[in-house]
Every structure is written in C-alpha cells, then in structure tokens.
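data_27.cif follows (mmCIF, C-alpha atoms and all ligand atoms):
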data_work
loop_
_atom_site.group_PDB
_atom_site.id
_atom_site.type_symbol
_atom_site.label_atom_id
_atom_site.label_comp_id
_atom_site.auth_asym_id
_atom_site.auth_seq_id
_atom_site.Cartn_x
_atom_site.Cartn_y
_atom_site.Cartn_z
ATOM 1 C CA MET A 1 239.986 -11.062 38.941
ATOM 2 C CA ARG A 2 242.783 -13.338 37.740
ATOM 3 C CA ASP A 3 240.421 -14.778 35.226
ATOM 4 C CA GLN A 4 239.616 -11.273 33.970
ATOM 5 C CA ALA A 5 243.283 -10.393 33.688
ATOM 6 C CA TYR A 6 243.861 -13.553 31.688
ATOM 7 C CA LYS A 7 241.023 -12.763 29.294
ATOM 8 C CA LEU A 8 242.322 -9.253 28.862
ATOM 9 C CA ARG A 9 245.791 -10.464 28.112
ATOM 10 C CA SER A 10 244.476 -12.609 25.342
ATOM 11 C CA LEU A 11 242.236 -9.773 24.099
ATOM 12 C CA ALA A 12 245.127 -7.335 24.048
ATOM 13 C CA HIS A 13 247.378 -9.877 22.410
ATOM 14 C CA ARG A 14 244.957 -10.247 19.559
ATOM 15 C CA VAL A 15 244.482 -6.504 19.253
ATOM 16 C CA ILE A 16 248.155 -5.726 19.152
ATOM 17 C CA ARG A 17 248.944 -8.283 16.497
ATOM 18 C CA PRO A 18 246.271 -8.237 13.836
ATOM 19 C CA ARG A 19 246.717 -11.105 11.433
ATOM 20 C CA VAL A 20 245.455 -9.359 8.340
ATOM 21 C CA GLN A 21 246.392 -5.956 7.031
ATOM 22 C CA VAL A 22 243.419 -3.716 6.435
ATOM 23 C CA ASP A 23 242.878 -0.867 4.006
ATOM 24 C CA PRO A 24 243.345 2.651 5.246
ATOM 25 C CA ALA A 25 240.061 4.544 5.572
ATOM 26 C CA VAL A 26 238.758 7.705 7.094
ATOM 27 C CA THR A 27 236.214 6.596 9.675
ATOM 28 C CA ARG A 28 237.038 7.560 13.229
ATOM 29 C CA VAL A 29 235.834 4.859 15.579
ATOM 30 C CA ILE A 30 235.244 6.115 19.112
ATOM 31 C CA ALA A 31 234.113 3.982 22.043
ATOM 32 C CA VAL A 32 232.288 5.925 24.752
ATOM 33 C CA THR A 33 232.732 4.035 27.981
ATOM 34 C CA SER A 34 232.972 4.313 31.776
ATOM 35 C CA GLY A 35 234.063 2.393 34.830
ATOM 36 C CA LYS A 36 230.901 2.990 36.829
ATOM 37 C CA GLY A 37 227.427 2.880 35.257
ATOM 38 C CA GLY A 38 224.964 5.743 35.022
ATOM 39 C CA VAL A 39 227.553 8.506 34.577
ATOM 40 C CA GLY A 40 226.205 9.926 31.302
ATOM 41 C CA LYS A 41 227.671 7.846 28.439
ATOM 42 C CA THR A 42 224.453 7.520 26.504
ATOM 43 C CA ASN A 43 223.546 11.182 26.871
ATOM 44 C CA LEU A 44 226.994 12.144 25.650
ATOM 45 C CA SER A 45 226.963 9.664 22.749
ATOM 46 C CA VAL A 46 223.536 10.734 21.537
ATOM 47 C CA ASN A 47 224.094 14.469 21.866
ATOM 48 C CA LEU A 48 227.636 14.375 20.489
ATOM 49 C CA GLY A 49 226.447 12.244 17.581
ATOM 50 C CA ILE A 50 223.671 14.713 16.799
ATOM 51 C CA THR A 51 226.041 17.681 17.102
ATOM 52 C CA LEU A 52 228.538 16.137 14.671
ATOM 53 C CA ALA A 53 225.702 15.236 12.304
ATOM 54 C CA ARG A 54 224.392 18.783 12.507
ATOM 55 C CA MET A 55 227.878 19.968 11.521
ATOM 56 C CA GLY A 56 227.449 17.978 8.323
ATOM 57 C CA LYS A 57 229.325 14.831 9.290
ATOM 58 C CA ARG A 58 228.043 11.359 8.476
ATOM 59 C CA VAL A 59 227.751 9.756 11.895
ATOM 60 C CA PHE A 60 226.730 6.271 12.962
ATOM 61 C CA LEU A 61 225.895 5.602 16.586
ATOM 62 C CA PHE A 62 226.066 1.976 17.594
ATOM 63 C CA ASP A 63 224.010 1.129 20.680
ATOM 64 C CA ALA A 64 226.304 -1.596 21.940
ATOM 65 C CA ASP A 65 224.947 -1.796 25.465
ATOM 66 C CA LEU A 66 223.944 -5.375 26.179
ATOM 67 C CA GLY A 67 221.207 -4.239 28.514
ATOM 68 C CA LEU A 68 218.509 -1.749 27.758
ATOM 69 C CA ALA A 69 218.122 -0.014 24.429
ATOM 70 C CA ASN A 70 219.351 3.249 25.906
ATOM 71 C CA VAL A 71 220.011 5.268 22.787
ATOM 72 C CA GLU A 72 216.614 4.548 21.302
ATOM 73 C CA VAL A 73 214.864 5.398 24.568
ATOM 74 C CA LEU A 74 216.604 8.779 24.804
ATOM 75 C CA LEU A 75 215.441 9.588 21.286
ATOM 76 C CA GLY A 76 211.940 8.185 21.697
ATOM 77 C CA LEU A 77 212.543 5.681 18.898
ATOM 78 C CA THR A 78 211.246 2.127 18.709
ATOM 79 C CA PRO A 79 213.331 0.381 16.096
ATOM 80 C CA ALA A 80 211.627 -2.448 14.270
ATOM 81 C CA TYR A 81 214.814 -4.500 14.057
ATOM 82 C CA THR A 82 218.107 -4.951 15.840
ATOM 83 C CA LEU A 83 221.432 -6.579 15.131
ATOM 84 C CA TYR A 84 219.732 -9.867 16.063
ATOM 85 C CA ASP A 85 217.699 -9.653 12.863
ATOM 86 C CA VAL A 86 220.913 -9.214 10.878
ATOM 87 C CA LEU A 87 222.473 -12.231 12.513
ATOM 88 C CA TYR A 88 219.514 -14.608 12.410
ATOM 89 C CA ARG A 89 216.687 -13.260 10.293
ATOM 90 C CA GLY A 90 218.343 -12.351 7.027
ATOM 91 C CA LYS A 91 218.174 -8.555 7.420
ATOM 92 C CA ARG A 92 220.947 -6.343 6.072
ATOM 93 C CA LEU A 93 222.605 -3.724 8.204
ATOM 94 C CA GLU A 94 221.013 -0.926 6.206
ATOM 95 C CA ASP A 95 217.565 -2.421 6.981
ATOM 96 C CA ILE A 96 217.996 -2.065 10.738
ATOM 97 C CA VAL A 97 219.621 1.385 10.847
ATOM 98 C CA VAL A 98 217.267 4.068 12.157
ATOM 99 C CA SER A 99 217.595 7.757 11.269
ATOM 100 C CA GLY A 100 217.684 10.164 14.190
ATOM 101 C CA PRO A 101 217.877 13.974 14.326
ATOM 102 C CA PHE A 102 220.028 15.533 11.579
ATOM 103 C CA ASP A 103 220.278 12.135 9.963
ATOM 104 C CA LEU A 104 222.281 10.563 12.767
ATOM 105 C CA GLN A 105 222.350 6.879 11.848
ATOM 106 C CA ILE A 106 221.558 4.618 14.784
ATOM 107 C CA ILE A 107 222.434 0.939 14.838
ATOM 108 C CA PRO A 108 220.367 -0.856 17.486
ATOM 109 C CA GLY A 109 222.445 -3.665 18.981
ATOM 110 C CA GLY A 110 219.625 -5.086 21.098
ATOM 111 C CA ALA A 111 219.551 -8.837 21.636
ATOM 112 C CA GLY A 112 222.090 -9.240 18.825
ATOM 113 C CA MET A 113 224.848 -8.068 21.114
ATOM 114 C CA GLN A 114 224.736 -11.263 23.139
ATOM 115 C CA GLU A 115 225.082 -13.318 19.982
ATOM 116 C CA LEU A 116 228.331 -11.795 18.721
ATOM 117 C CA ALA A 117 230.371 -14.323 20.635
ATOM 118 C CA ASN A 118 228.416 -17.292 19.255
ATOM 119 C CA LEU A 119 228.691 -16.814 15.508
ATOM 120 C CA ASP A 120 230.062 -19.520 13.268
ATOM 121 C CA SER A 121 232.619 -18.546 10.668
ATOM 122 C CA SER A 122 230.162 -18.145 7.783
ATOM 123 C CA GLN A 123 227.833 -15.947 9.878
ATOM 124 C CA ARG A 124 230.842 -13.929 10.924
ATOM 125 C CA ALA A 125 232.022 -13.502 7.349
ATOM 126 C CA ARG A 126 228.551 -12.378 6.300
ATOM 127 C CA LEU A 127 228.387 -9.840 9.083
ATOM 128 C CA ILE A 128 231.859 -8.472 8.362
ATOM 129 C CA ASP A 129 230.845 -8.102 4.763
ATOM 130 C CA MET A 130 227.740 -6.171 5.757
ATOM 131 C CA LEU A 131 229.584 -3.991 8.201
ATOM 132 C CA SER A 132 231.459 -2.578 5.249
ATOM 133 C CA TYR A 133 228.361 -0.374 4.970
ATOM 134 C CA LEU A 134 229.888 1.559 7.871
ATOM 135 C CA ARG A 135 232.795 2.622 5.654
ATOM 136 C CA THR A 136 230.581 5.460 4.480
ATOM 137 C CA ALA A 137 230.734 6.965 7.977
ATOM 138 C CA GLU A 138 233.032 9.756 9.075
ATOM 139 C CA PHE A 139 232.393 8.879 12.704
ATOM 140 C CA LEU A 140 231.323 5.644 14.317
ATOM 141 C CA LEU A 141 230.431 6.282 17.959
ATOM 142 C CA ILE A 142 229.912 3.234 20.132
ATOM 143 C CA ASP A 143 227.854 3.598 23.285
ATOM 144 C CA THR A 144 229.136 0.731 25.415
ATOM 145 C CA GLY A 145 227.916 -0.606 28.720
ATOM 146 C CA ALA A 146 229.838 0.255 31.878
ATOM 147 C CA GLY A 147 232.566 -1.701 33.624
ATOM 148 C CA ILE A 148 235.098 -4.373 32.953
ATOM 149 C CA SER A 149 233.104 -7.061 31.175
ATOM 150 C CA ARG A 150 234.433 -8.902 28.176
ATOM 151 C CA SER A 151 231.945 -7.303 25.820
ATOM 152 C CA VAL A 152 232.679 -3.743 26.949
ATOM 153 C CA LEU A 153 236.422 -4.292 26.836
ATOM 154 C CA GLY A 154 236.102 -5.861 23.398
ATOM 155 C CA PHE A 155 234.540 -2.714 21.985
ATOM 156 C CA VAL A 156 236.902 -0.432 23.818
ATOM 157 C CA ALA A 157 239.952 -2.384 22.698
ATOM 158 C CA ALA A 158 238.794 -2.527 19.085
ATOM 159 C CA ALA A 159 238.041 1.199 18.779
ATOM 160 C CA GLN A 160 240.860 3.564 17.829
ATOM 161 C CA GLU A 161 239.781 6.235 20.277
ATOM 162 C CA VAL A 162 238.301 5.936 23.749
ATOM 163 C CA PHE A 163 236.142 8.524 25.476
ATOM 164 C CA LEU A 164 235.983 7.731 29.155
ATOM 165 C CA VAL A 165 233.128 9.408 31.018
ATOM 166 C CA VAL A 166 233.414 10.038 34.758
ATOM 167 C CA THR A 167 231.612 12.095 37.361
ATOM 168 C CA PRO A 168 233.570 13.787 40.161
ATOM 169 C CA GLU A 169 232.326 11.148 42.655
ATOM 170 C CA PRO A 170 235.160 9.100 44.190
ATOM 171 C CA THR A 171 233.463 5.813 43.180
ATOM 172 C CA SER A 172 233.313 6.894 39.556
ATOM 173 C CA LEU A 173 236.978 7.921 39.612
ATOM 174 C CA THR A 174 238.192 4.701 41.241
ATOM 175 C CA ASP A 175 236.177 2.557 38.811
ATOM 176 C CA ALA A 176 237.580 4.611 35.935
ATOM 177 C CA TYR A 177 241.077 4.045 37.274
ATOM 178 C CA SER A 178 240.500 0.269 37.336
ATOM 179 C CA LEU A 179 239.443 0.360 33.698
ATOM 180 C CA ILE A 180 242.395 2.548 32.662
ATOM 181 C CA LYS A 181 244.739 0.211 34.529
ATOM 182 C CA ILE A 182 243.632 -2.694 32.381
ATOM 183 C CA LEU A 183 243.876 -0.677 29.162
ATOM 184 C CA ALA A 184 247.280 0.735 30.096
ATOM 185 C CA ARG A 185 248.710 -2.612 31.109
ATOM 186 C CA HIS A 186 247.911 -4.115 27.749
ATOM 187 C CA LYS A 187 249.050 -1.115 25.722
ATOM 188 C CA VAL A 188 246.018 -1.129 23.495
ATOM 189 C CA HIS A 189 245.853 2.684 23.221
ATOM 190 C CA ASP A 190 248.545 5.335 23.636
ATOM 191 C CA GLU A 191 246.170 7.587 25.517
ATOM 192 C CA ILE A 192 242.506 8.024 26.290
ATOM 193 C CA SER A 193 240.236 11.056 26.376
ATOM 194 C CA LEU A 194 238.429 11.998 29.554
ATOM 195 C CA ILE A 195 235.106 13.761 29.908
ATOM 196 C CA VAL A 196 233.990 14.843 33.364
ATOM 197 C CA ASN A 197 230.203 14.944 33.599
ATOM 198 C CA ARG A 198 227.835 16.292 36.259
ATOM 199 C CA ALA A 199 230.401 18.601 37.815
ATOM 200 C CA THR A 200 229.159 21.608 39.769
ATOM 201 C CA GLY A 201 231.459 23.793 37.685
ATOM 202 C CA GLU A 202 234.763 23.976 35.825
ATOM 203 C CA HIS A 203 236.757 23.986 39.054
ATOM 204 C CA GLU A 204 235.323 20.693 40.310
ATOM 205 C CA ALA A 205 235.706 19.109 36.861
ATOM 206 C CA THR A 206 239.344 20.161 36.530
ATOM 207 C CA GLU A 207 240.102 18.918 40.026
ATOM 208 C CA ALA A 208 238.520 15.524 39.365
ATOM 209 C CA ALA A 209 240.374 15.188 36.063
ATOM 210 C CA ALA A 210 243.664 16.231 37.669
ATOM 211 C CA LYS A 211 243.306 13.562 40.375
ATOM 212 C CA LEU A 212 242.771 10.835 37.822
ATOM 213 C CA GLN A 213 245.521 12.146 35.538
ATOM 214 C CA LEU A 214 247.963 12.240 38.427
ATOM 215 C CA VAL A 215 247.464 8.616 39.525
ATOM 216 C CA CYS A 216 247.497 7.413 35.926
ATOM 217 C CA ARG A 217 250.745 9.242 35.218
ATOM 218 C CA LYS A 218 252.369 8.211 38.466
ATOM 219 C CA PHE A 219 251.367 4.571 38.729
ATOM 220 C CA LEU A 220 250.604 3.601 35.146
ATOM 221 C CA LYS A 221 252.723 6.046 33.113
ATOM 222 C CA PHE A 222 249.608 6.529 31.051
ATOM 223 C CA THR A 223 248.251 9.725 29.477
ATOM 224 C CA VAL A 224 244.681 10.717 30.135
ATOM 225 C CA ARG A 225 243.683 13.739 28.109
ATOM 226 C CA HIS A 226 240.953 15.853 29.669
ATOM 227 C CA ILE A 227 238.976 16.976 26.619
ATOM 228 C CA GLY A 228 235.753 18.267 28.118
ATOM 229 C CA SER A 229 233.519 18.851 31.091
ATOM 230 C CA ILE A 230 229.748 18.902 31.251
ATOM 231 C CA VAL A 231 228.127 20.531 34.244
ATOM 232 C CA GLU A 232 225.206 19.197 36.212
ATOM 233 C CA ASP A 233 222.348 20.666 34.217
ATOM 234 C CA GLN A 234 218.612 20.163 34.619
ATOM 235 C CA VAL A 235 218.146 20.299 30.848
ATOM 236 C CA VAL A 236 219.730 16.838 30.695
ATOM 237 C CA VAL A 237 217.214 15.432 33.157
ATOM 238 C CA ARG A 238 214.362 17.121 31.291
ATOM 239 C CA ALA A 239 215.630 15.848 27.951
ATOM 240 C CA VAL A 240 215.720 12.276 29.260
ATOM 241 C CA LYS A 241 212.162 12.567 30.592
ATOM 242 C CA ASN A 242 210.844 14.069 27.358
ATOM 243 C CA GLN A 243 212.893 11.730 25.154
ATOM 244 C CA GLU A 244 214.223 14.721 23.235
ATOM 245 C CA PRO A 245 217.966 15.368 23.044
ATOM 246 C CA PHE A 246 219.055 18.590 24.730
ATOM 247 C CA VAL A 247 221.323 19.724 21.897
ATOM 248 C CA VAL A 248 218.155 19.937 19.800
ATOM 249 C CA THR A 249 215.681 21.354 22.306
ATOM 250 C CA GLU A 250 218.036 23.567 24.324
ATOM 251 C CA PRO A 251 221.080 24.264 22.131
ATOM 252 C CA ASN A 252 222.128 27.263 24.229
ATOM 253 C CA SER A 253 222.092 25.456 27.577
ATOM 254 C CA PRO A 254 225.428 24.944 29.372
ATOM 255 C CA ALA A 255 225.314 21.167 28.727
ATOM 256 C CA ALA A 256 224.644 21.625 25.004
ATOM 257 C CA ARG A 257 227.414 24.206 24.644
ATOM 258 C CA GLU A 258 229.877 21.893 26.300
ATOM 259 C CA VAL A 259 228.934 19.022 24.000
ATOM 260 C CA GLN A 260 229.454 21.436 21.079
ATOM 261 C CA ASN A 261 232.915 22.246 22.449
ATOM 262 C CA ILE A 262 233.776 18.546 22.553
ATOM 263 C CA ALA A 263 232.566 18.153 18.956
ATOM 264 C CA ARG A 264 234.687 21.107 17.829
ATOM 265 C CA TYR A 265 237.676 19.703 19.659
ATOM 266 C CA LEU A 266 237.116 16.375 17.972
ATOM 267 C CA LEU A 267 236.997 18.045 14.572
ATOM 268 C CA SER A 268 240.114 20.065 15.245
ATOM 269 C CA GLY A 269 241.978 16.820 14.616
ATOM 270 C CA THR A 270 244.137 16.931 17.701
ATOM 271 C CA LEU A 271 243.138 13.453 18.823
ATOM 272 C CA SER A 272 244.635 10.195 17.570
ATOM 273 C CA PRO A 273 244.801 9.825 13.811
ATOM 274 C CA PRO A 274 241.826 8.332 12.015
ATOM 275 C CA GLY A 275 241.783 4.573 11.674
ATOM 276 C CA ALA A 276 240.003 2.269 9.310
ATOM 277 C CA VAL A 277 236.545 1.002 10.071
ATOM 278 C CA ASP A 278 237.790 -2.255 8.571
ATOM 279 C CA SER A 279 240.452 -2.371 11.205
ATOM 280 C CA PHE A 280 237.838 -1.879 13.913
ATOM 281 C CA ILE A 281 235.655 -4.614 12.493
ATOM 282 C CA SER A 282 238.406 -7.170 12.107
ATOM 283 C CA ARG A 283 239.785 -6.409 15.563
ATOM 284 C CA LEU A 284 236.328 -6.661 17.058
ATOM 285 C CA PHE A 285 235.711 -10.079 15.603
ATOM 286 C CA ARG A 286 239.055 -11.354 16.675
ATOM 287 C CA LEU A 287 238.156 -10.224 20.176
ATOM 288 C CA PHE A 288 234.750 -11.845 20.177
ATOM 289 C CA ARG A 289 236.008 -15.119 18.804
HETATM 290 N N1 LIG A 301 225.092 16.634 32.903
HETATM 291 C C1 LIG A 301 224.066 16.081 33.554
HETATM 292 N N2 LIG A 301 223.272 16.841 34.359
HETATM 293 C C2 LIG A 301 222.245 16.301 35.033
HETATM 294 N N3 LIG A 301 221.902 15.000 34.964
HETATM 295 C C3 LIG A 301 222.633 14.193 34.185
HETATM 296 C C4 LIG A 301 223.753 14.679 33.437
HETATM 297 N N4 LIG A 301 224.280 13.637 32.742
HETATM 298 C C5 LIG A 301 223.530 12.552 33.063
HETATM 299 N N5 LIG A 301 222.532 12.875 33.921
HETATM 300 C C6 LIG A 301 221.536 11.966 34.525
HETATM 301 O O1 LIG A 301 222.122 10.694 34.636
HETATM 302 C C7 LIG A 301 221.272 9.717 34.043
HETATM 303 C C8 LIG A 301 222.112 8.629 33.417
HETATM 304 O O2 LIG A 301 222.694 9.097 32.219
HETATM 305 P P1 LIG A 301 223.055 8.084 31.030
HETATM 306 O O3 LIG A 301 221.928 7.173 30.758
HETATM 307 O O4 LIG A 301 223.557 8.900 29.894
HETATM 308 O O5 LIG A 301 224.244 7.288 31.728
HETATM 309 P P2 LIG A 301 225.008 5.981 31.196
HETATM 310 O O6 LIG A 301 226.411 6.127 31.623
HETATM 311 O O7 LIG A 301 224.727 5.778 29.763
HETATM 312 O O8 LIG A 301 224.278 4.830 32.056
HETATM 313 P P3 LIG A 301 224.404 3.232 31.839
HETATM 314 O O9 LIG A 301 225.732 2.850 32.434
HETATM 315 O O10 LIG A 301 223.244 2.699 32.623
HETATM 316 O O11 LIG A 301 224.326 2.966 30.382
HETATM 317 C C9 LIG A 301 220.405 10.480 33.062
HETATM 318 O O12 LIG A 301 219.152 9.858 32.902
HETATM 319 C C10 LIG A 301 220.277 11.839 33.695
HETATM 320 O O13 LIG A 301 219.170 11.855 34.579
HETATM 321 MG MG MG A 302 223.942 4.090 28.753
#
Would it be possible to restate this file's structure as structure tokens?
Amino acid sequence: MRDQAYKLRSLAHRVIRPRVQVDPAVTRVIAVTSGKGGVGKTNLSVNLGITLARMGKRVFLFDADLGLANVEVLLGLTPAYTLYDVLYRGKRLEDIVVSGPFDLQIIPGGAGMQELANLDSSQRARLIDMLSYLRTAEFLLIDTGAGISRSVLGFVAAAQEVFLVVTPEPTSLTDAYSLIKILARHKVHDEISLIVNRATGEHEATEAAAKLQLVCRKFLKFTVRHIGSIVEDQVVVRAVKNQEPFVVTEPNSPAAREVQNIARYLLSGTLSPPGAVDSFISRLFRLFR
C-alpha cells in the first residue's frame, strides 16, 4: 500500500506539473473507471459512445483494459490489429481503428497496453505523433480496467474528466471510495462524475450516490457529482449475450434512455471544460515513463 501511495505521488506530481505547454483543442477526454470490477464500465462506454456518435459527434473509444478485449466482444467485432501492431509491427493508428455502430471509432488496446511502459524514446515519439490522429475526435472515451493499478490510474490521471461507475453494493462503494481517496489526495481532478449502475430504481441509486458523496465531502473535501443512474435491466444482459449494444437494439428500454440522458447531460456542457487531446497524450506518456 505504501508502495502504491509512493507511485501515485510521483504520478500526480508529473500530472500537475506538465513540462511542455500543449495547444488548446476541443477533444473531451473521459476515462470510464471503477473501484471494483464488473460494475458496468464497458457497457456504459460502448453504449454512451454509440449514443454520442448517433447524435453526430465524432467519438473514439479506446479499449484500454489490459485484460480481455471487452469492447470488441460486446460489439461482436474481431479486430485484425491492436495497439501492439502500432508499437511493433509498423501499423499506423488509423490502420487499427475499427468502425462500430454509427461510426463509433474503436481503438483496440489489446496486448499493446502492456507495452506502453516499455517504449524507448523514439518509439514513444512515433506513437505520440500518430496519436495526433485523435485530434479529429470530439470525444475520446477510455474504457479502463478496474481498481488501483498503475495502468488504470495512469489513464484516469491523464484524462480531463473521470466517470466513476459504481453499483449500490457496499463493496463497490468502498472500492470506489478508495479510488477517490487516491485521486483526491493528489489533486489531479477538481471533481469526478458518478454513475450508479444496476440500481433497483432511482431511490436506491440516489441513496448510494448520497452515501458516497457524504463520505467524500466529509473526509476528503472532494466533490463527487452524481450525473446518472442506470437501473438493473435485462436488456443489458441480453445485449451482452447477443453481442449487440442495447442502445441500438432496444433504444426505448430504461437502460438505453438513461444512457441517452447521460449523453445529453454531457453535451449540455456543464462538466469540466474541454481539454486538449495533446495534453492527454503528453500526460499519459509522462505517467507511463
Ligand atoms: N444495468 C445493468 N443491468 C443488468 N445487468 C448489467 C447492467 N450493467 C451491467 N450488467 C451486467 O454486468 C456485466 C458486467 O458488465 P461490464 O462488462 O460492462 O462491466 P465492467 O465494469 O466493464 O467489467 P470489468 O471490470 O471486468 O471490465 C455485464 O455482462 C452484464 O451482465
Ligand atoms: Mg470492462
């Protein structure tokens, strides 16, 4: 634990004091994360990405989970290449990007994710150069793994906005609190956005959010903004089984409507101001160095 705190301190230090100034740009970079695994990050990322794309936005979804290729599985896609091919096999970023529903642009991290920490400076420079392709995006959503690992925290710290997914279960809330504690201590973000998933209804979701907000305010003096709730809905389970996103197959289901509400909220511009994708990229590489 002390070791983790040390790593975080150095991560946060690098995030807070970027060495180079970056150009202003319009891409909003949002990390979707959680304390506990299996709470619905990938379902939210995929369906939110599709909803924003359907609203005419240019959206990239980066599957940054070190483990399984979650995003691709949910969409029934089998990408030919991953970030690994960019790093070691001479592919360009645009060669590995896969188009999903409504032209959602998916970047498969795959085995390449493990390699980010091992790049030499020329490989790094090449990758940064290629990532400039992402400047064309209005949204870059990053589906991270769960928990407090270096790779997850790197993505979360580098992104300008954080969507934290929880379920009303006590274990999910306590794991979320542990993650927020680390983020709050190192002052990487002014606030984070909370989405309560798998609640039995609005009442349970609001209660769960209020509990987390209260402890964060009281003990961490940190703002957690409850921006949405998604109920327990069998359409999600069905969508996973059929590998077809529920916002496409069942757009009028409660889950799909709630994802649409989150997308509208996001577009209403009440969240943190947009940051540069360049800033995200340079912060990310400083963190993975
Ligand atoms: N709103 C919901 N209603 C019903 N079931 C849900 C809901 N959200 C998620 N699930 C179930 O939870 C499972 C896990 O969801 P998902 O893969 O999105 O979680 P995750 O946080 O990305 O997991 P991991 O940490 O492993 O990446 C889904 O396969 C689905 O069965
Ligand atoms: Mg996932």
Exercise. Find the residues near ligand LIG 301 (chain A). Use a cut-off of 6 Å, count only C-alpha atoms and all ligand atoms, and write them as a count of residues only.
Key: 19
Practice problem: Calculate how many Å separate atom CA of A:Leu220 from atom CA of A:Val165, rounding to one decimal. | Solution: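 For atom CA of A:Leu220 relative to atom CA of A:Val165, the distance reads 18.9 Å.
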Using all atoms listed in the file, tabulate the residues of chain A lying at most 12 Å from any atom of ligand MG 302 (chain A), each with its closest atom pair and that distance in Å to one decimal, by chain and increasing residue number, as JSON lines.
{"residue": "A:Val32", "atom": "CA", "partner": "A:MG302", "partner_atom": "MG", "distance": 9.4}
{"residue": "A:Thr33", "atom": "CA", "partner": "A:MG302", "partner_atom": "MG", "distance": 8.8}
{"residue": "A:Ser34", "atom": "CA", "partner": "A:MG302", "partner_atom": "MG", "distance": 9.5}
{"residue": "A:Gly35", "atom": "CA", "partner": "A:MG302", "partner_atom": "MG", "distance": 11.9}
{"residue": "A:Lys36", "atom": "CA", "partner": "A:MG302", "partner_atom": "MG", "distance": 10.7}
{"residue": "A:Gly37", "atom": "CA", "partner": "A:MG302", "partner_atom": "MG", "distance": 7.5}
{"residue": "A:Gly38", "atom": "CA", "partner": "A:MG302", "partner_atom": "MG", "distance": 6.6}
{"residue": "A:Val39", "atom": "CA", "partner": "A:MG302", "partner_atom": "MG", "distance": 8.2}
{"residue": "A:Gly40", "atom": "CA", "partner": "A:MG302", "partner_atom": "MG", "distance": 6.8}
{"residue": "A:Lys41", "atom": "CA", "partner": "A:MG302", "partner_atom": "MG", "distance": 5.3}
{"residue": "A:Thr42", "atom": "CA", "partner": "A:MG302", "partner_atom": "MG", "distance": 4.1}
{"residue": "A:Asn43", "atom": "CA", "partner": "A:MG302", "partner_atom": "MG", "distance": 7.3}
{"residue": "A:Leu44", "atom": "CA", "partner": "A:MG302", "partner_atom": "MG", "distance": 9.2}
{"residue": "A:Ser45", "atom": "CA", "partner": "A:MG302", "partner_atom": "MG", "distance": 8.7}
{"residue": "A:Val46", "atom": "CA", "partner": "A:MG302", "partner_atom": "MG", "distance": 9.8}
{"residue": "A:Phe62", "atom": "CA", "partner": "A:MG302", "partner_atom": "MG", "distance": 11.6}
{"residue": "A:Asp63", "atom": "CA", "partner": "A:MG302", "partner_atom": "MG", "distance": 8.6}
{"residue": "A:Ala64", "atom": "CA", "partner": "A:MG302", "partner_atom": "MG", "distance": 9.2}
{"residue": "A:Asp65", "atom": "CA", "partner": "A:MG302", "partner_atom": "MG", "distance": 6.8}
{"residue": "A:Leu66", "atom": "CA", "partner": "A:MG302", "partner_atom": "MG", "distance": 9.8}
{"residue": "A:Gly67", "atom": "CA", "partner": "A:MG302", "partner_atom": "MG", "distance": 8.8}
{"residue": "A:Leu68", "atom": "CA", "partner": "A:MG302", "partner_atom": "MG", "distance": 8.0}
{"residue": "A:Ala69", "atom": "CA", "partner": "A:MG302", "partner_atom": "MG", "distance": 8.3}
{"residue": "A:Asn70", "atom": "CA", "partner": "A:MG302", "partner_atom": "MG", "distance": 5.5}
{"residue": "A:Val71", "atom": "CA", "partner": "A:MG302", "partner_atom": "MG", "distance": 7.2}
{"residue": "A:Glu72", "atom": "CA", "partner": "A:MG302", "partner_atom": "MG", "distance": 10.5}
{"residue": "A:Val73", "atom": "CA", "partner": "A:MG302", "partner_atom": "MG", "distance": 10.1}
{"residue": "A:Leu74", "atom": "CA", "partner": "A:MG302", "partner_atom": "MG", "distance": 9.6}
{"residue": "A:Ile142", "atom": "CA", "partner": "A:MG302", "partner_atom": "MG", "distance": 10.5}
{"residue": "A:Asp143", "atom": "CA", "partner": "A:MG302", "partner_atom": "MG", "distance": 6.7}
{"residue": "A:Thr144", "atom": "CA", "partner": "A:MG302", "partner_atom": "MG", "distance": 7.0}
{"residue": "A:Gly145", "atom": "CA", "partner": "A:MG302", "partner_atom": "MG", "distance": 6.2}
{"residue": "A:Ala146", "atom": "CA", "partner": "A:MG302", "partner_atom": "MG", "distance": 7.7}
{"residue": "A:Gly147", "atom": "CA", "partner": "A:MG302", "partner_atom": "MG", "distance": 11.5}
{"residue": "A:Val152", "atom": "CA", "partner": "A:MG302", "partner_atom": "MG", "distance": 11.9}
{"residue": "A:Val165", "atom": "CA", "partner": "A:MG302", "partner_atom": "MG", "distance": 10.9}
{"residue": "A:Val240", "atom": "CA", "partner": "A:MG302", "partner_atom": "MG", "distance": 11.6}
Quiz item: Can you find the residues with an atom no farther than 6 Å from (214.4, 12.1, 22.8), counting all atoms listed in the file, and report them as an NGL selection string?
Solution: :A and (74-76 or 243-245)
Quiz item: Separation of atom CA of A:Thr206 and atom CA of A:Gly228, in Å?
Solution: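 One can read the atom CA of A:Thr206 to atom CA of A:Gly228 distance as 9.3 Å.
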Exercise. Point out the residue among A:Arg126, A:Pro168, A:Arg185, A:Val235 with the least atom-to-atom distance to A:Glu204, counting all atoms listed in the file.
Key: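 Of the candidates, the smallest distance to A:Glu204 is held by A:Pro168.
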Quiz item: For this file, the PyMOL selection byres (((chain A and resi 92) around 10) and not hetatm) selects which residues, as a PyMOL selection string?
Solution: chain A and resi 83+85-87+89-91+93-97+126-127+130-131+133
Quiz item: In Å, how far is it from atom CA of A:Ala199 to atom CA of A:Pro101?
Solution: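 Value for the atom CA of A:Ala199-atom CA of A:Pro101 distance: 27.0 Å.
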Can you sort out the box for stretch 215-219 of chain A, edges along x, y and z, all listed atoms in, 5 Å on every side, with centre and edge lengths in Å to one decimal, as AutoDock Vina command-line options?
--center_x 249.9 --center_y 6.9 --center_z 37.4 --size_x 14.9 --size_y 14.7 --size_z 14.3
Quiz item: Near A:Val98, counting all atoms listed in the file, which residues have an atom at most 8 Å away, once you skip same-chain residues fewer than 6 positions from it, shown as a list in words?
Solution: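 Near A:Val98, the qualifying residues are Pro79, Gln105, Ile106, Ile107 and Pro108 of chain A.
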Self-check item: Output of the PyMOL selection byres (((chain A and resi 255-259) around 7) and not hetatm), listed as a PyMOL selection string
Solution: chain A and resi 47-48+229-231+233+246-247+250-254+260-263
